[in-house]
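Presented below is the structure to which this report refers.
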Amino acid sequence: MLDTLWSQIGLLPALLVGVFAFWKGGEAERLGMGAWVLGWMAGMLLQQDGNLYQGFQFGLFVLDIAMLAVFAALTWRYRRSWPIWAGACQLVVLTSHIAFPLAKAASMTAFYTVLNVAGYGILAAIAVGTFWAWQDRRAAGLE
């Protein structure tokens with residue numbers, strides 16, 4: 001995964017959001033970012049390398065369902081809006097898992113593009129949620 005310069009540059013936003021979430025975020029943001037990091041590492045282990053078309057990847061589908069469950073649990077437990085946005089992006093990922101094997105004209109490049117864009121949407125939701133949590137604590141005088 002990190003064998004090219006472009007993949008390393010693509011991981012830079014995740015690293016920056018991760019540092020920001022663990023440094024300035026509350027418990028919900030730390031849990032969300034920790035789940036995202038663990039999910040990313042598990043995805044690297046579960047993905048099937050080789051030829052470009054692998055078809056339906058059941059392991060990644062189950063992992064993405066688990067990530068949706070994490071965002072749903074964060075929404076249920078904490079009074080934050082960012083897990084709803086992250087869960088919406090995760091639903092796009094789940095929909096693409098189902099839709100792309102059914103669409104004969106869609107390429108795997110398009111599938112991976114949808115996954116990457118949705119992943120950046122999740123990172124943006126965590127970053128905005130972290131900023132709001134940090135500002136709420138500053139306004140309350142807790143920081």
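Labeling convention for the structure tokens: chains A, B, ... as they appear, residues from 1 per chain, ligands from 1 in order of appearance.
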**Leu31 of chain A surroundings by only C-alpha atoms, 12 Å radius, close-in-sequence under 5 positions cut, as JSON, numbers by chain** = {"A": [18, 21, 22, 25, 26, 36, 37, 38, 39, 67, 70, 71, 73, 74, 75, 77, 78, 83, 126, 130]}
Output for the residues just chosen: all heavy atoms as a compact mmCIF listing (two decimals), in the first residue's frame:
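The resulting file, again30.txt, is shown below:
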```txt
# COMPACT_ATOMS: atom_id res chain seq x y z
N GLY A 18 -5.48 12.08 12.50
CA GLY A 18 -5.27 11.20 13.65
C GLY A 18 -4.56 11.90 14.79
O GLY A 18 -4.97 11.78 15.95
N ALA A 21 -7.03 14.41 16.27
CA ALA A 21 -8.11 13.77 17.03
C ALA A 21 -7.61 13.25 18.37
O ALA A 21 -8.29 13.40 19.39
CB ALA A 21 -8.73 12.64 16.22
N PHE A 22 -6.44 12.64 18.39
CA PHE A 22 -5.92 12.11 19.65
C PHE A 22 -5.37 13.20 20.55
O PHE A 22 -5.31 13.02 21.76
CB PHE A 22 -4.85 11.04 19.38
CG PHE A 22 -5.42 9.75 18.89
CD1 PHE A 22 -5.11 9.26 17.64
CD2 PHE A 22 -6.29 9.01 19.68
CE1 PHE A 22 -5.64 8.08 17.18
CE2 PHE A 22 -6.83 7.82 19.23
CZ PHE A 22 -6.50 7.35 17.98
N GLY A 25 -9.12 15.97 20.57
CA GLY A 25 -10.47 15.43 20.55
C GLY A 25 -10.92 14.92 21.90
O GLY A 25 -10.12 14.68 22.81
N GLY A 26 -12.21 14.75 22.00
CA GLY A 26 -12.79 14.15 23.20
C GLY A 26 -12.78 12.63 23.08
O GLY A 26 -12.16 12.06 22.18
N TRP A 36 -11.14 3.91 13.12
CA TRP A 36 -10.76 4.11 11.72
C TRP A 36 -9.37 3.55 11.44
O TRP A 36 -9.15 2.89 10.43
CB TRP A 36 -10.82 5.60 11.36
CG TRP A 36 -10.67 5.86 9.90
CD1 TRP A 36 -11.67 5.95 8.99
CD2 TRP A 36 -9.45 6.03 9.18
NE1 TRP A 36 -11.15 6.17 7.75
CE2 TRP A 36 -9.79 6.23 7.83
CE3 TRP A 36 -8.11 6.05 9.53
CZ2 TRP A 36 -8.84 6.44 6.84
CZ3 TRP A 36 -7.15 6.25 8.55
CH2 TRP A 36 -7.52 6.45 7.22
N VAL A 37 -8.44 3.81 12.35
CA VAL A 37 -7.07 3.31 12.17
C VAL A 37 -7.05 1.78 12.21
O VAL A 37 -6.42 1.14 11.36
CB VAL A 37 -6.11 3.91 13.24
CG1 VAL A 37 -4.77 3.20 13.25
CG2 VAL A 37 -5.93 5.39 13.00
N LEU A 38 -7.75 1.20 13.17
CA LEU A 38 -7.81 -0.27 13.23
C LEU A 38 -8.50 -0.85 12.01
O LEU A 38 -8.08 -1.89 11.48
CB LEU A 38 -8.53 -0.72 14.51
CG LEU A 38 -7.76 -0.53 15.81
CD1 LEU A 38 -8.64 -0.91 16.99
CD2 LEU A 38 -6.48 -1.33 15.81
N GLY A 39 -9.54 -0.19 11.53
CA GLY A 39 -10.22 -0.64 10.33
C GLY A 39 -9.34 -0.53 9.10
O GLY A 39 -9.37 -1.40 8.22
N MET A 67 -17.53 -1.18 10.83
CA MET A 67 -17.24 0.26 10.96
C MET A 67 -18.53 1.07 11.03
O MET A 67 -18.62 2.03 11.80
CB MET A 67 -16.38 0.73 9.77
CG MET A 67 -14.95 0.26 9.82
SD MET A 67 -14.06 0.84 11.28
CE MET A 67 -14.12 2.59 11.03
N VAL A 70 -19.77 0.83 14.49
CA VAL A 70 -19.02 1.70 15.40
C VAL A 70 -19.55 3.12 15.33
O VAL A 70 -19.79 3.77 16.36
CB VAL A 70 -17.50 1.65 15.07
CG1 VAL A 70 -16.75 2.77 15.78
CG2 VAL A 70 -16.93 0.31 15.46
N PHE A 71 -19.76 3.64 14.11
CA PHE A 71 -20.27 5.00 13.98
C PHE A 71 -21.69 5.11 14.52
O PHE A 71 -22.05 6.14 15.10
CB PHE A 71 -20.19 5.47 12.53
CG PHE A 71 -18.77 5.67 12.05
CD1 PHE A 71 -18.37 5.16 10.83
CD2 PHE A 71 -17.85 6.34 12.81
CE1 PHE A 71 -17.08 5.32 10.39
CE2 PHE A 71 -16.54 6.51 12.39
CZ PHE A 71 -16.16 6.00 11.17
N ALA A 73 -22.88 3.31 17.00
CA ALA A 73 -22.74 3.27 18.47
C ALA A 73 -22.25 4.62 19.00
O ALA A 73 -22.71 5.07 20.05
CB ALA A 73 -21.79 2.16 18.87
N LEU A 74 -21.34 5.25 18.28
CA LEU A 74 -20.87 6.58 18.70
C LEU A 74 -22.00 7.61 18.63
O LEU A 74 -22.09 8.48 19.49
CB LEU A 74 -19.69 7.03 17.84
CG LEU A 74 -18.36 6.32 18.09
CD1 LEU A 74 -17.33 6.73 17.06
CD2 LEU A 74 -17.85 6.59 19.49
N THR A 75 -22.84 7.49 17.61
CA THR A 75 -23.99 8.39 17.50
C THR A 75 -24.96 8.16 18.65
O THR A 75 -25.51 9.11 19.21
CB THR A 75 -24.70 8.17 16.16
OG1 THR A 75 -23.78 8.40 15.10
CG2 THR A 75 -25.88 9.09 15.99
N ARG A 77 -24.28 6.86 21.65
CA ARG A 77 -23.70 7.10 22.98
C ARG A 77 -23.40 8.57 23.25
O ARG A 77 -23.60 9.06 24.35
CB ARG A 77 -22.42 6.26 23.11
CG ARG A 77 -21.59 6.51 24.35
CD ARG A 77 -22.27 5.98 25.59
NE ARG A 77 -21.41 6.03 26.74
CZ ARG A 77 -21.35 7.04 27.59
NH1 ARG A 77 -22.08 8.11 27.40
NH2 ARG A 77 -20.56 7.00 28.63
N TYR A 78 -22.90 9.28 22.24
CA TYR A 78 -22.45 10.66 22.44
C TYR A 78 -23.36 11.62 21.67
O TYR A 78 -23.89 11.28 20.64
CB TYR A 78 -21.01 10.83 21.95
CG TYR A 78 -20.03 9.98 22.72
CD1 TYR A 78 -19.60 8.76 22.20
CD2 TYR A 78 -19.56 10.37 23.96
CE1 TYR A 78 -18.71 7.97 22.89
CE2 TYR A 78 -18.67 9.57 24.67
CZ TYR A 78 -18.26 8.37 24.13
OH TYR A 78 -17.39 7.59 24.81
N PRO A 83 -20.48 11.64 13.91
CA PRO A 83 -20.62 10.21 13.58
C PRO A 83 -21.75 9.92 12.59
O PRO A 83 -21.69 8.93 11.85
CB PRO A 83 -20.91 9.55 14.93
CG PRO A 83 -20.39 10.48 15.95
CD PRO A 83 -20.60 11.84 15.37
N ILE A 126 -14.46 13.36 11.07
CA ILE A 126 -13.74 13.25 12.35
C ILE A 126 -12.98 14.53 12.65
O ILE A 126 -12.97 15.00 13.80
CB ILE A 126 -12.79 12.03 12.33
CG1 ILE A 126 -13.60 10.74 12.27
CG2 ILE A 126 -11.88 12.02 13.55
CD1 ILE A 126 -12.76 9.48 12.05
N THR A 130 -13.73 16.83 15.80
CA THR A 130 -12.67 17.10 16.76
C THR A 130 -12.54 18.60 17.01
O THR A 130 -12.40 19.04 18.16
CB THR A 130 -11.33 16.53 16.26
OG1 THR A 130 -11.47 15.13 16.08
CG2 THR A 130 -10.20 16.82 17.23
```
Give me, as a short mmCIF file (atom, residue, chain, number, x, y, z; two decimals) with all heavy atoms, in the first residue's frame, all polymer residues having an atom no more than 7 Å from Ala86 of chain A, counting only C-alpha atoms and skipping those fewer than 4 positions away in the same chain.
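Output saved as around.cif:
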```cif
data_model
loop_
_atom_site.label_atom_id
_atom_site.label_comp_id
_atom_site.auth_asym_id
_atom_site.auth_seq_id
_atom_site.Cartn_x
_atom_site.Cartn_y
_atom_site.Cartn_z
N PHE A 71 -19.76 3.64 14.11
CA PHE A 71 -20.27 5.00 13.98
C PHE A 71 -21.69 5.11 14.52
O PHE A 71 -22.05 6.14 15.10
CB PHE A 71 -20.19 5.47 12.53
CG PHE A 71 -18.77 5.67 12.05
CD1 PHE A 71 -18.37 5.16 10.83
CD2 PHE A 71 -17.85 6.34 12.81
CE1 PHE A 71 -17.08 5.32 10.39
CE2 PHE A 71 -16.54 6.51 12.39
CZ PHE A 71 -16.16 6.00 11.17
N TRP A 82 -20.95 14.50 14.10
CA TRP A 82 -19.99 13.98 13.12
C TRP A 82 -20.10 12.48 12.90
O TRP A 82 -19.86 12.02 11.77
CB TRP A 82 -18.56 14.38 13.48
CG TRP A 82 -17.99 13.69 14.67
CD1 TRP A 82 -17.95 14.17 15.95
CD2 TRP A 82 -17.39 12.40 14.71
NE1 TRP A 82 -17.38 13.25 16.77
CE2 TRP A 82 -17.01 12.15 16.04
CE3 TRP A 82 -17.13 11.42 13.76
CZ2 TRP A 82 -16.39 10.97 16.45
CZ3 TRP A 82 -16.52 10.25 14.15
CH2 TRP A 82 -16.15 10.04 15.49
N GLN A 90 -19.85 5.92 5.30
CA GLN A 90 -19.66 4.47 5.39
C GLN A 90 -20.79 3.74 4.66
O GLN A 90 -20.55 2.67 4.08
CB GLN A 90 -19.61 4.04 6.86
CG GLN A 90 -19.12 2.64 7.07
CD GLN A 90 -17.68 2.46 6.62
OE1 GLN A 90 -16.85 3.33 6.77
NE2 GLN A 90 -17.39 1.30 6.08
N GLY A 121 -14.04 11.47 3.26
CA GLY A 121 -15.22 12.08 3.89
C GLY A 121 -15.32 11.72 5.36
O GLY A 121 -15.67 12.56 6.19
N ILE A 122 -15.00 10.48 5.68
CA ILE A 122 -15.00 10.06 7.09
C ILE A 122 -13.93 10.82 7.86
O ILE A 122 -14.17 11.29 8.98
CB ILE A 122 -14.80 8.53 7.19
CG1 ILE A 122 -16.01 7.81 6.63
CG2 ILE A 122 -14.53 8.10 8.63
CD1 ILE A 122 -15.83 6.32 6.45
N ALA A 125 -15.13 14.29 8.50
CA ALA A 125 -16.13 14.32 9.58
C ALA A 125 -15.46 14.23 10.94
O ALA A 125 -15.83 14.95 11.87
CB ALA A 125 -17.13 13.17 9.40
#
```
**atom CA of Gly34 of chain A to atom CA of Trp134 of chain A, straight-line distance in Å** =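 Computed distance, atom CA of Trp134 of chain A to atom CA of Gly34 of chain A, equals 17.4 Å.
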**Selection near Leu63 of chain A, 9 Å with only C-alpha atoms, sequence-local residues under 5 positions removed, as a ChimeraX atom specification** = /A:39,42-43,46,58,68
**Message:** Ranking A:Val92, A:Arg80, A:Val128, A:Lys104 by minimum distance to Glu27 of chain A and counting only C-alpha atoms, which one comes first?
**Reply:** A:Arg80
**Request:** Find the residues around Leu60 of chain A up to 12 Å (only C-alpha atoms counted), leave out those fewer than 5 positions away in its own chain, and share them as a PyMOL selection string.
**Result:** chain A and resi 39-48+54-55+65-67+93-94+96-98+115
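In terms of minimum interatomic distance to Gln135 of chain A, A:Lys24 ranks closest within A:Gly119, A:Lys24, A:Gly32, A:Leu11, counting only C-alpha atoms.
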**Item:** Selected residue of minimal separation from Ala103 of chain A among A:Gly129, A:Phe56, A:Met33, A:Trp6, counting only C-alpha atoms
**Value:**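 Distance minimum relative to Ala103 of chain A lands on A:Phe56.
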